[in-house]
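Next comes input26.txt, with compact mmCIF, C-alpha atoms.
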# COMPACT_ATOMS: atom_id res chain seq x y z
CA MET I 1 72.62 79.25 94.89
CA ALA I 2 69.12 79.04 96.23
CA LEU I 3 66.43 77.10 94.45
CA PRO I 4 62.87 78.43 94.22
CA GLY I 5 60.88 77.23 97.20
CA ASN I 6 63.99 76.05 99.05
CA ILE I 7 64.73 78.77 101.62
CA PRO I 8 67.67 78.05 103.96
CA PRO I 9 67.43 79.02 107.63
CA ALA I 10 68.67 82.53 108.46
CA GLY I 11 71.60 81.26 110.56
CA GLN I 12 72.82 78.98 107.79
CA ALA I 13 72.65 81.78 105.21
CA ARG I 14 74.66 84.09 107.47
CA LEU I 15 77.27 81.39 108.07
CA ASN I 16 77.52 80.80 104.31
CA VAL I 17 78.13 84.52 103.67
CA ALA I 18 80.68 84.71 106.50
CA LEU I 19 82.60 81.69 105.17
CA ARG I 20 82.59 83.11 101.65
CA MET I 21 83.96 86.39 103.01
CA LEU I 22 86.71 84.46 104.80
CA VAL I 23 87.70 82.84 101.51
CA ALA I 24 87.32 86.03 99.46
CA LEU I 25 89.30 88.46 101.61
CA PRO I 26 92.46 86.62 102.71
CA GLY I 27 92.30 84.01 99.94
CA GLY I 28 91.85 86.63 97.27
CA TYR I 29 94.68 88.70 98.69
CA ALA I 30 97.03 85.71 98.81
CA LEU I 31 96.05 84.68 95.28
CA ALA I 32 96.63 88.21 94.00
CA ALA I 33 100.03 88.41 95.69
CA LEU I 34 101.19 85.02 94.39
CA GLY I 35 99.77 85.78 90.96
CA GLY I 36 101.59 89.08 90.79
CA VAL I 37 104.88 87.45 91.77
CA GLY I 38 104.41 84.50 89.41
CA ILE I 39 103.44 86.62 86.44
CA SER I 40 106.17 89.19 87.00
CA LEU I 41 108.87 86.52 87.10
CA TRP I 42 107.75 84.91 83.84
CA LEU I 43 107.31 88.05 81.74
CA PRO I 44 110.16 88.73 79.29
CA LEU I 45 110.36 92.42 80.19
CA SER I 46 112.80 94.56 82.11
CA ARG I 47 112.76 94.15 85.88
CA ALA I 48 110.83 97.38 86.48
CA ASP I 49 108.26 96.65 83.77
CA SER I 50 107.76 93.11 85.03
CA ALA I 51 107.23 94.36 88.57
CA MET I 52 104.67 96.90 87.40
CA ALA I 53 102.85 94.34 85.25
CA GLY I 54 102.81 91.86 88.15
CA THR I 55 101.39 94.48 90.50
CA LEU I 56 98.69 95.47 88.04
CA SER I 57 97.74 91.85 87.38
CA GLY I 58 97.46 91.28 91.12
CA LEU I 59 95.13 94.26 91.33
CA LEU I 60 92.98 92.62 88.67
CA LEU I 61 93.00 89.16 90.25
CA TRP I 62 91.70 90.17 93.68
CA PRO I 63 88.31 91.55 92.55
CA ILE I 64 87.84 88.52 90.29
CA VAL I 65 88.28 86.18 93.25
CA PHE I 66 86.01 88.33 95.40
CA ILE I 67 83.25 88.32 92.78
CA ALA I 68 83.67 84.60 92.15
CA ALA I 69 83.34 83.93 95.89
CA PHE I 70 79.68 84.91 95.67
CA GLY I 71 79.05 83.55 92.18
CA VAL I 72 80.16 79.96 92.73
CA SER I 73 77.35 77.72 93.92
CA SER I 74 79.37 75.48 96.24
CA LEU I 75 81.66 76.64 99.02
CA ARG I 76 83.79 73.52 98.58
CA ARG I 77 84.26 74.27 94.87
CA LEU I 78 85.24 77.84 95.74
CA VAL I 79 87.89 76.78 98.26
CA LEU I 80 89.29 74.13 95.92
CA GLY I 81 89.41 76.58 93.01
CA VAL I 82 91.21 79.27 95.02
CA ALA I 83 93.65 76.70 96.44
CA ALA I 84 94.36 75.26 92.99
CA CYS I 85 95.05 78.72 91.53
CA MET I 86 97.30 79.58 94.47
CA ALA I 87 99.22 76.34 93.99
CA ALA I 88 99.63 77.03 90.26
CA PHE I 89 100.94 80.55 90.86
CA ALA I 90 103.25 79.32 93.64
CA LEU I 91 104.63 76.66 91.29
CA MET I 92 105.20 79.32 88.64
CA ALA I 93 107.05 81.52 91.12
CA PHE I 94 109.20 78.72 92.54
CA ALA I 95 110.02 77.40 89.06
CA ALA I 96 111.30 80.86 88.10
CA GLY I 97 113.64 80.91 91.09
CA TRP I 98 111.62 82.98 93.58
CA ARG I 99 112.42 82.39 97.23
CA PRO I 100 110.20 84.03 99.88

Let me see the structure of the file written as structure tokens.
Amino acid sequence: MALPGNIPPAGQARLNVALRMLVALPGGYALAALGGVGISLWLPLSRADSAMAGTLSGLLLWPIVFIAAFGVSSLRRLVLGVAACMAAFALMAFAAGWRP
């Protein structure tokens, strides 16, 4: 986030936006996919209902990550947060017996 009176150079601002897009697009997609798999395996529903609920939760997770990519003040905090969530969902999926 910019502070009043502290204007970054134009090249640095463009690089910051490009790096945030690199985290938001593939990172958000990977988080949504792992989240959908992890959630669907842990829901106590039928197989079809769990798959549908996992897909819908993945569709909700991706825009949240994309919006958060531009709301978080630090790029390092953004990358660590996305990586931590991906690790948590991967652990959920592997603990439920999922094998890629």

> Which neighbours of Gly36 (chain I) fall inside 10 Å, counting all atoms listed in the file, when residues of the same chain fewer than 4 positions from it are skipped, and could you give them as a list in words?
Replying inline: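 The residues that qualify are Ala30, Leu31, Ala32, Ser40, Leu41, Ser50, Ala51, Met52, Ala53, Gly54, Thr55, Leu56, Ser57, Gly58, Leu59, Leu60, Leu61, Phe89 and Ala93 of chain I.
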
> Got a sec to check which residues sit within 10 Å of (101.0, 80.2, 92.0), counting all atoms listed in the file, and write them as a PyMOL selection string?
Replying inline: chain I and resi 30-39+83-95

> I:Leu45, I:Gly11, I:Val65, I:Pro100: which is nearest Pro26 (chain I), counting only C-alpha atoms?
Replying inline: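 Checking each of I:Leu45, I:Gly11, I:Val65, I:Pro100 against Pro26 (chain I), counting only C-alpha atoms, the winner is I:Val65.
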
> CA of Ala10 (chain I) and CA of Gly28 (chain I), how far apart in Å?
Replying inline: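 Atom-to-atom, CA of Gly28 (chain I) and CA of Ala10 (chain I) are spaced 26.1 Å apart.
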
>> Excluding Ala68 (chain I) and its own-chain neighbours fewer than 2 positions away, which residues fall within 10 Å of it when counting only C-alpha atoms? Please give them as an MDAnalysis selection string.
In response: chainID I and resid 20 24 28 62:66 70:73 78 81:82

> So how far away is CA of Met21 (chain I) from CA of Trp98 (chain I), in Å?
Replying inline: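 About the pair CA of Trp98 (chain I) and CA of Met21 (chain I): they are 29.4 Å apart.
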
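Across the model, the gap from CA of Gly97 (chain I) to CA of Gly27 (chain I) is 23.3 Å.
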